[in-house]
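Structure file my_file_2.txt (compact mmCIF, N, CA and C atoms) follows.
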# COMPACT_ATOMS: atom_id res chain seq x y z
N MET J 1 111.54 102.78 75.91
CA MET J 1 110.65 102.80 77.05
C MET J 1 109.53 103.80 76.79
N LYS J 2 108.38 103.57 77.35
CA LYS J 2 107.26 104.49 77.18
C LYS J 2 107.55 105.81 77.89
N THR J 3 107.32 106.90 77.17
CA THR J 3 107.58 108.22 77.74
C THR J 3 106.68 108.47 78.95
N LYS J 4 105.47 107.97 78.91
CA LYS J 4 104.54 108.18 80.03
C LYS J 4 105.10 107.55 81.31
N ILE J 5 105.66 106.37 81.20
CA ILE J 5 106.22 105.69 82.37
C ILE J 5 107.42 106.46 82.91
N THR J 6 108.30 106.88 82.00
CA THR J 6 109.49 107.62 82.43
C THR J 6 109.11 108.93 83.10
N LEU J 7 108.20 109.69 82.51
CA LEU J 7 107.78 110.95 83.11
C LEU J 7 107.11 110.71 84.46
N THR J 8 106.37 109.62 84.59
CA THR J 8 105.73 109.29 85.86
C THR J 8 106.78 108.95 86.92
N ILE J 9 107.75 108.14 86.56
CA ILE J 9 108.80 107.75 87.51
C ILE J 9 109.61 108.96 87.96
N ILE J 10 110.11 109.73 87.01
CA ILE J 10 110.94 110.88 87.37
C ILE J 10 110.12 111.93 88.11
N GLY J 11 108.88 112.17 87.67
CA GLY J 11 108.01 113.13 88.35
C GLY J 11 107.72 112.72 89.79
N THR J 12 107.43 111.45 89.99
CA THR J 12 107.15 110.95 91.34
C THR J 12 108.38 111.07 92.23
N LEU J 13 109.55 110.72 91.70
CA LEU J 13 110.78 110.84 92.48
C LEU J 13 111.08 112.29 92.84
N GLN J 14 110.80 113.21 91.94
CA GLN J 14 111.01 114.63 92.22
C GLN J 14 110.08 115.11 93.34
N VAL J 15 108.82 114.68 93.30
CA VAL J 15 107.87 115.06 94.35
C VAL J 15 108.32 114.47 95.69
N LEU J 16 108.75 113.22 95.68
CA LEU J 16 109.24 112.60 96.91
C LEU J 16 110.47 113.31 97.44
N GLN J 17 111.37 113.71 96.56
CA GLN J 17 112.55 114.46 96.99
C GLN J 17 112.13 115.77 97.65
N ALA J 18 111.15 116.44 97.09
CA ALA J 18 110.68 117.70 97.67
C ALA J 18 110.17 117.49 99.09
N ILE J 19 109.42 116.44 99.29
CA ILE J 19 108.86 116.15 100.61
C ILE J 19 109.98 115.75 101.58
N LEU J 20 110.84 114.86 101.13
CA LEU J 20 111.90 114.36 102.01
C LEU J 20 112.96 115.42 102.31
N TYR J 21 113.26 116.30 101.35
CA TYR J 21 114.21 117.38 101.60
C TYR J 21 113.73 118.27 102.73
N SER J 22 112.43 118.51 102.78
CA SER J 22 111.89 119.34 103.86
C SER J 22 111.80 118.57 105.17
N ALA J 23 111.33 117.34 105.10
CA ALA J 23 111.10 116.55 106.31
C ALA J 23 112.40 116.15 107.01
N PHE J 24 113.43 115.85 106.24
CA PHE J 24 114.68 115.35 106.82
C PHE J 24 115.87 116.24 106.52
N ALA J 25 115.65 117.52 106.37
CA ALA J 25 116.73 118.44 106.02
C ALA J 25 117.83 118.46 107.07
N LYS J 26 117.48 118.63 108.32
CA LYS J 26 118.49 118.77 109.37
C LYS J 26 119.34 117.50 109.52
N PRO J 27 118.75 116.31 109.66
CA PRO J 27 119.62 115.13 109.78
C PRO J 27 120.47 114.89 108.53
N ALA J 28 119.92 115.19 107.35
CA ALA J 28 120.68 114.99 106.12
C ALA J 28 121.88 115.93 106.07
N ILE J 29 121.69 117.16 106.46
CA ILE J 29 122.78 118.14 106.45
C ILE J 29 123.86 117.74 107.44
N GLU J 30 123.45 117.30 108.62
CA GLU J 30 124.43 116.89 109.63
C GLU J 30 125.22 115.67 109.17
N MET J 31 124.58 114.80 108.39
CA MET J 31 125.25 113.60 107.90
C MET J 31 126.18 113.91 106.72
N MET J 32 125.77 114.83 105.84
CA MET J 32 126.50 115.05 104.59
C MET J 32 127.57 116.13 104.67
N PHE J 33 127.48 117.03 105.65
CA PHE J 33 128.40 118.17 105.67
C PHE J 33 129.22 118.21 106.96
N ASN J 34 130.45 118.69 106.83
CA ASN J 34 131.34 118.93 107.97
C ASN J 34 131.41 120.44 108.19
N ILE J 35 130.35 121.01 108.78
CA ILE J 35 130.27 122.46 108.90
C ILE J 35 129.79 122.86 110.29
N GLY J 36 129.98 124.11 110.63
CA GLY J 36 129.56 124.65 111.92
C GLY J 36 128.08 124.99 111.96
N ASP J 37 127.68 125.58 113.07
CA ASP J 37 126.26 125.89 113.29
C ASP J 37 125.68 126.89 112.30
N GLU J 38 126.43 127.95 112.01
CA GLU J 38 125.92 128.97 111.09
C GLU J 38 125.76 128.42 109.68
N ALA J 39 126.73 127.66 109.23
CA ALA J 39 126.65 127.06 107.90
C ALA J 39 125.54 126.01 107.85
N THR J 40 125.33 125.31 108.95
CA THR J 40 124.23 124.34 109.02
C THR J 40 122.89 125.05 108.85
N GLN J 41 122.73 126.20 109.52
CA GLN J 41 121.50 126.97 109.38
C GLN J 41 121.30 127.44 107.94
N LEU J 42 122.38 127.88 107.31
CA LEU J 42 122.31 128.33 105.93
C LEU J 42 121.92 127.17 105.01
N ALA J 43 122.55 126.02 105.20
CA ALA J 43 122.22 124.84 104.39
C ALA J 43 120.78 124.42 104.62
N LEU J 44 120.31 124.52 105.84
CA LEU J 44 118.92 124.18 106.17
C LEU J 44 117.95 125.10 105.43
N MET J 45 118.23 126.38 105.44
CA MET J 45 117.38 127.33 104.71
C MET J 45 117.40 127.03 103.21
N PHE J 46 118.58 126.66 102.68
CA PHE J 46 118.68 126.32 101.27
C PHE J 46 117.84 125.09 100.95
N GLN J 47 117.87 124.08 101.82
CA GLN J 47 117.06 122.87 101.61
C GLN J 47 115.58 123.24 101.53
N TYR J 48 115.13 124.08 102.46
CA TYR J 48 113.73 124.49 102.46
C TYR J 48 113.39 125.32 101.21
N ALA J 49 114.34 126.12 100.75
CA ALA J 49 114.10 126.95 99.58
C ALA J 49 114.09 126.15 98.29
N ILE J 50 114.88 125.08 98.20
CA ILE J 50 114.98 124.30 96.97
C ILE J 50 113.86 123.27 96.84
N SER J 51 113.27 122.88 97.95
CA SER J 51 112.21 121.87 97.93
C SER J 51 111.04 122.22 97.00
N PRO J 52 110.54 123.45 97.02
CA PRO J 52 109.44 123.76 96.09
C PRO J 52 109.83 123.63 94.61
N ALA J 53 111.11 123.82 94.29
CA ALA J 53 111.53 123.64 92.90
C ALA J 53 111.41 122.18 92.49
N PHE J 54 111.82 121.26 93.38
CA PHE J 54 111.65 119.84 93.09
C PHE J 54 110.18 119.48 92.96
N LEU J 55 109.35 120.05 93.84
CA LEU J 55 107.91 119.80 93.79
C LEU J 55 107.34 120.30 92.47
N MET J 56 107.74 121.50 92.06
CA MET J 56 107.25 122.09 90.82
C MET J 56 107.63 121.23 89.61
N ILE J 57 108.89 120.82 89.56
CA ILE J 57 109.36 120.00 88.44
C ILE J 57 108.62 118.67 88.42
N GLY J 58 108.50 118.05 89.58
CA GLY J 58 107.81 116.76 89.65
C GLY J 58 106.36 116.85 89.23
N LEU J 59 105.67 117.87 89.69
CA LEU J 59 104.26 118.03 89.31
C LEU J 59 104.11 118.33 87.82
N MET J 60 105.00 119.14 87.27
CA MET J 60 104.93 119.42 85.83
C MET J 60 105.12 118.14 85.02
N LEU J 61 106.06 117.30 85.44
CA LEU J 61 106.27 116.04 84.72
C LEU J 61 105.07 115.11 84.88
N LEU J 62 104.53 115.03 86.09
CA LEU J 62 103.37 114.17 86.31
C LEU J 62 102.15 114.66 85.52
N PHE J 63 101.93 115.97 85.51
CA PHE J 63 100.76 116.51 84.82
C PHE J 63 100.89 116.45 83.30
N SER J 64 102.11 116.32 82.80
CA SER J 64 102.29 116.28 81.35
C SER J 64 102.67 114.90 80.84
N ARG J 65 102.49 113.89 81.64
CA ARG J 65 102.89 112.54 81.22
C ARG J 65 102.04 111.98 80.10
N ASN J 66 100.85 112.51 79.86
CA ASN J 66 99.99 112.03 78.78
C ASN J 66 100.20 112.79 77.47
N THR J 67 101.22 113.62 77.42
CA THR J 67 101.50 114.40 76.22
C THR J 67 102.05 113.48 75.12
N GLY J 68 102.07 113.97 73.90
CA GLY J 68 102.60 113.19 72.79
C GLY J 68 104.10 112.99 72.88
N ILE J 69 104.61 112.10 72.06
CA ILE J 69 106.03 111.75 72.11
C ILE J 69 106.93 112.96 71.86
N GLU J 70 106.59 113.80 70.91
CA GLU J 70 107.45 114.95 70.60
C GLU J 70 107.59 115.88 71.79
N ASN J 71 106.48 116.18 72.47
CA ASN J 71 106.56 117.04 73.65
C ASN J 71 107.25 116.32 74.81
N ALA J 72 106.99 115.04 74.95
CA ALA J 72 107.65 114.25 76.01
C ALA J 72 109.16 114.25 75.79
N LYS J 73 109.58 114.12 74.54
CA LYS J 73 111.02 114.14 74.25
C LYS J 73 111.63 115.50 74.60
N LYS J 74 110.88 116.57 74.41
CA LYS J 74 111.38 117.90 74.79
C LYS J 74 111.55 118.00 76.31
N LEU J 75 110.60 117.44 77.04
CA LEU J 75 110.72 117.43 78.50
C LEU J 75 111.93 116.60 78.93
N LEU J 76 112.10 115.46 78.31
CA LEU J 76 113.25 114.60 78.63
C LEU J 76 114.56 115.28 78.28
N LEU J 77 114.59 115.98 77.16
CA LEU J 77 115.80 116.71 76.78
C LEU J 77 116.11 117.80 77.80
N ALA J 78 115.08 118.47 78.30
CA ALA J 78 115.29 119.49 79.33
C ALA J 78 115.89 118.87 80.59
N ILE J 79 115.42 117.68 80.95
CA ILE J 79 115.98 116.98 82.11
C ILE J 79 117.44 116.64 81.86
N ILE J 80 117.74 116.11 80.69
CA ILE J 80 119.11 115.72 80.35
C ILE J 80 120.04 116.93 80.39
N ILE J 81 119.62 118.03 79.78
CA ILE J 81 120.45 119.24 79.75
C ILE J 81 120.67 119.78 81.16
N ALA J 82 119.63 119.78 81.98
CA ALA J 82 119.75 120.31 83.34
C ALA J 82 120.64 119.46 84.23
N TYR J 83 120.70 118.16 83.95
CA TYR J 83 121.55 117.30 84.77
C TYR J 83 123.03 117.52 84.52
N ILE J 84 123.42 118.02 83.38
CA ILE J 84 124.84 118.20 83.09
C ILE J 84 125.49 119.17 84.08
N PRO J 85 124.98 120.40 84.27
CA PRO J 85 125.59 121.26 85.29
C PRO J 85 125.39 120.73 86.71
N LEU J 86 124.31 119.99 86.92
CA LEU J 86 124.09 119.41 88.24
C LEU J 86 125.16 118.38 88.57
N PHE J 87 125.55 117.57 87.59
CA PHE J 87 126.61 116.60 87.82
C PHE J 87 127.95 117.29 88.09
N ILE J 88 128.17 118.43 87.47
CA ILE J 88 129.39 119.21 87.76
C ILE J 88 129.35 119.68 89.21
N ALA J 89 128.19 120.16 89.65
CA ALA J 89 128.03 120.59 91.04
C ALA J 89 128.22 119.42 91.99
N PHE J 90 127.68 118.26 91.63
CA PHE J 90 127.85 117.06 92.46
C PHE J 90 129.33 116.72 92.61
N TYR J 91 130.07 116.81 91.50
CA TYR J 91 131.51 116.53 91.56
C TYR J 91 132.21 117.50 92.51
N CYS J 92 131.90 118.78 92.37
CA CYS J 92 132.52 119.79 93.23
C CYS J 92 132.20 119.51 94.70
N MET J 93 130.97 119.11 94.99
CA MET J 93 130.61 118.80 96.37
C MET J 93 131.33 117.55 96.87
N SER J 94 131.46 116.56 96.01
CA SER J 94 132.06 115.30 96.45
C SER J 94 133.55 115.42 96.74
N VAL J 95 134.24 116.36 96.11
CA VAL J 95 135.68 116.52 96.36
C VAL J 95 135.98 117.58 97.42
N SER J 96 134.96 118.23 97.92
CA SER J 96 135.15 119.26 98.94
C SER J 96 135.40 118.62 100.31
N PRO J 97 136.34 119.18 101.07
CA PRO J 97 136.56 118.66 102.42
C PRO J 97 135.41 119.01 103.38
N MET J 98 134.51 119.87 102.94
CA MET J 98 133.37 120.26 103.78
C MET J 98 132.22 119.25 103.70
N THR J 99 132.34 118.25 102.83
CA THR J 99 131.25 117.30 102.67
C THR J 99 131.70 115.87 102.90
N ASN J 100 130.72 115.05 103.19
CA ASN J 100 130.93 113.60 103.32
C ASN J 100 130.17 112.90 102.20
N MET J 101 130.23 113.43 101.01
CA MET J 101 129.44 112.92 99.90
C MET J 101 130.28 112.10 98.95
N GLY J 102 129.62 111.12 98.36
CA GLY J 102 130.25 110.30 97.34
C GLY J 102 129.22 109.96 96.28
N ILE J 103 129.63 109.14 95.34
CA ILE J 103 128.75 108.79 94.23
C ILE J 103 127.45 108.14 94.71
N GLN J 104 127.49 107.43 95.83
CA GLN J 104 126.29 106.78 96.35
C GLN J 104 125.21 107.80 96.71
N ASP J 105 125.61 109.00 97.07
CA ASP J 105 124.63 110.04 97.41
C ASP J 105 123.92 110.59 96.18
N PHE J 106 124.48 110.35 95.02
CA PHE J 106 123.89 110.86 93.79
C PHE J 106 123.34 109.74 92.91
N ALA J 107 123.28 108.54 93.45
CA ALA J 107 122.86 107.36 92.67
C ALA J 107 121.47 107.54 92.08
N LEU J 108 120.53 108.07 92.85
CA LEU J 108 119.17 108.25 92.35
C LEU J 108 119.15 109.20 91.16
N ASP J 109 119.94 110.26 91.24
CA ASP J 109 120.02 111.21 90.12
C ASP J 109 120.65 110.58 88.89
N ILE J 110 121.64 109.73 89.10
CA ILE J 110 122.27 109.03 87.97
C ILE J 110 121.27 108.10 87.30
N VAL J 111 120.45 107.42 88.10
CA VAL J 111 119.42 106.53 87.55
C VAL J 111 118.38 107.33 86.78
N MET J 112 117.92 108.47 87.34
CA MET J 112 116.93 109.30 86.64
C MET J 112 117.50 109.84 85.33
N PHE J 113 118.76 110.25 85.35
CA PHE J 113 119.42 110.74 84.13
C PHE J 113 119.48 109.62 83.09
N GLY J 114 119.90 108.44 83.50
CA GLY J 114 119.98 107.31 82.58
C GLY J 114 118.63 106.94 82.01
N LEU J 115 117.61 106.98 82.83
CA LEU J 115 116.25 106.69 82.38
C LEU J 115 115.79 107.73 81.35
N ALA J 116 116.09 109.00 81.62
CA ALA J 116 115.73 110.06 80.68
C ALA J 116 116.45 109.89 79.35
N VAL J 117 117.74 109.57 79.40
CA VAL J 117 118.53 109.38 78.17
C VAL J 117 117.99 108.18 77.38
N LEU J 118 117.77 107.08 78.07
CA LEU J 118 117.26 105.87 77.42
C LEU J 118 115.92 106.13 76.73
N THR J 119 115.02 106.77 77.44
CA THR J 119 113.70 107.04 76.87
C THR J 119 113.76 108.08 75.76
N TYR J 120 114.66 109.05 75.89
CA TYR J 120 114.80 110.08 74.86
C TYR J 120 115.20 109.45 73.52
N PHE J 121 116.16 108.54 73.58
CA PHE J 121 116.66 107.93 72.34
C PHE J 121 115.83 106.74 71.85
N LYS J 122 115.07 106.13 72.72
CA LYS J 122 114.22 105.00 72.30
C LYS J 122 112.82 105.16 72.88
N PRO J 123 112.10 106.21 72.46
CA PRO J 123 110.76 106.43 73.02
C PRO J 123 109.73 105.47 72.41
N LYS J 124 108.74 105.15 73.20
CA LYS J 124 107.61 104.34 72.73
C LYS J 124 106.33 105.02 73.16
N ASN J 125 105.28 104.77 72.42
CA ASN J 125 103.98 105.34 72.75
C ASN J 125 103.36 104.70 73.91

Translate this file's structure into structure tokens.
Amino acid sequence: MKTKITLTIIGTLQVLQAILYSAFAKPAIEMMFNIGDEATQLALMFQYAISPAFLMIGLMLLFSRNTGIENAKKLLLAIIIAYIPLFIAFYCMSVSPMTNMGIQDFALDIVMFGLAVLTYFKPKN
């Protein structure tokens, strides 16, 4: 797959996640977690704090989508490496009695990871 397309897709999804995490933080937390008011407030603050990181990552990918294959592969490798501990965290969240999460909640991340892996191993100009 073309690295430019993959970086555009993943970058756009990251930017959208940043916007949606902020816009729908409270309903998402109430739906995904079995927690009290104080923990809900803490989770809400965390959502607001993590949103700029998604925005930053997404913009970096979008702004560097015209880079050469070697640099694009380095960006894709960074995505692949970062997803490994994230998937461990997803597993821990999904088995916790404090959450209502399952694999369907992480489907978009699984697709982005698969796209990054596919493009990393079979890049095209």

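Atom C of Ile19 (chain J) is positioned 16.7 Å from atom N of Leu61 (chain J).
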
Would you mind listing what lies within 8 Å of region 112-121 of chain J as a JSON list (two decimals) with N, CA and C atoms, in the frame of the given file, with only N, CA and C atoms counted and same-chain residues fewer than 4 positions away left out?
[["chain", "number", "residue", "atom", "x", "y", "z"],
["J", 1, "MET", "N", 111.54, 102.78, 75.91],
["J", 1, "MET", "CA", 110.65, 102.80, 77.05],
["J", 1, "MET", "C", 109.53, 103.80, 76.79],
["J", 2, "LYS", "N", 108.38, 103.57, 77.35],
["J", 2, "LYS", "CA", 107.26, 104.49, 77.18],
["J", 2, "LYS", "C", 107.55, 105.81, 77.89],
["J", 3, "THR", "N", 107.32, 106.90, 77.17],
["J", 3, "THR", "CA", 107.58, 108.22, 77.74],
["J", 3, "THR", "C", 106.68, 108.47, 78.95],
["J", 6, "THR", "N", 108.30, 106.88, 82.00],
["J", 6, "THR", "CA", 109.49, 107.62, 82.43],
["J", 6, "THR", "C", 109.11, 108.93, 83.10],
["J", 7, "LEU", "N", 108.20, 109.69, 82.51],
["J", 7, "LEU", "CA", 107.78, 110.95, 83.11],
["J", 7, "LEU", "C", 107.11, 110.71, 84.46],
["J", 9, "ILE", "N", 107.75, 108.14, 86.56],
["J", 9, "ILE", "CA", 108.80, 107.75, 87.51],
["J", 9, "ILE", "C", 109.61, 108.96, 87.96],
["J", 10, "ILE", "N", 110.11, 109.73, 87.01],
["J", 10, "ILE", "CA", 110.94, 110.88, 87.37],
["J", 10, "ILE", "C", 110.12, 111.93, 88.11],
["J", 72, "ALA", "N", 106.99, 115.04, 74.95],
["J", 72, "ALA", "CA", 107.65, 114.25, 76.01],
["J", 72, "ALA", "C", 109.16, 114.25, 75.79],
["J", 73, "LYS", "N", 109.58, 114.12, 74.54],
["J", 73, "LYS", "CA", 111.02, 114.14, 74.25],
["J", 73, "LYS", "C", 111.63, 115.50, 74.60],
["J", 74, "LYS", "N", 110.88, 116.57, 74.41],
["J", 74, "LYS", "CA", 111.38, 117.90, 74.79],
["J", 74, "LYS", "C", 111.55, 118.00, 76.31],
["J", 75, "LEU", "N", 110.60, 117.44, 77.04],
["J", 75, "LEU", "CA", 110.72, 117.43, 78.50],
["J", 75, "LEU", "C", 111.93, 116.60, 78.93],
["J", 76, "LEU", "N", 112.10, 115.46, 78.31],
["J", 76, "LEU", "CA", 113.25, 114.60, 78.63],
["J", 76, "LEU", "C", 114.56, 115.28, 78.28],
["J", 77, "LEU", "N", 114.59, 115.98, 77.16],
["J", 77, "LEU", "CA", 115.80, 116.71, 76.78],
["J", 77, "LEU", "C", 116.11, 117.80, 77.80],
["J", 79, "ILE", "N", 115.42, 117.68, 80.95],
["J", 79, "ILE", "CA", 115.98, 116.98, 82.11],
["J", 79, "ILE", "C", 117.44, 116.64, 81.86],
["J", 80, "ILE", "N", 117.74, 116.11, 80.69],
["J", 80, "ILE", "CA", 119.11, 115.72, 80.35],
["J", 80, "ILE", "C", 120.04, 116.93, 80.39],
["J", 83, "TYR", "N", 120.70, 118.16, 83.95],
["J", 83, "TYR", "CA", 121.55, 117.30, 84.77],
["J", 83, "TYR", "C", 123.03, 117.52, 84.52],
["J", 106, "PHE", "N", 124.48, 110.35, 95.02],
["J", 106, "PHE", "CA", 123.89, 110.86, 93.79],
["J", 106, "PHE", "C", 123.34, 109.74, 92.91],
["J", 107, "ALA", "N", 123.28, 108.54, 93.45],
["J", 107, "ALA", "CA", 122.86, 107.36, 92.67],
["J", 107, "ALA", "C", 121.47, 107.54, 92.08],
["J", 108, "LEU", "N", 120.53, 108.07, 92.85],
["J", 108, "LEU", "CA", 119.17, 108.25, 92.35],
["J", 108, "LEU", "C", 119.15, 109.20, 91.16]]

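In this model, the gap between CA of Phe33 (chain J) and atom N of Met98 (chain J) comes to 6.9 Å.
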
| said: Neighbouring residues of Gly11 (chain J) were defined as those with any atom within 8 Å, considering only C-alpha atoms; residues of the same chain fewer than 3 positions away were excluded. Please report them as a list in words. | reply: Leu7, Thr8, Gln14, Val15, Ile57, Gly58, Leu59, Met60, Leu61 and Leu62 of chain J

| remark: Using all atoms listed in the file, the shortest atom-to-atom distance to Leu20 (chain J) among J:Leu86, J:Pro123, J:Phe63, J:Ser51 belongs to J:Ser51

| field | Point-to-point distance in Å for atom C of Lys26 (chain J) and CA of Ala39 (chain J) | value | 12.1 Å
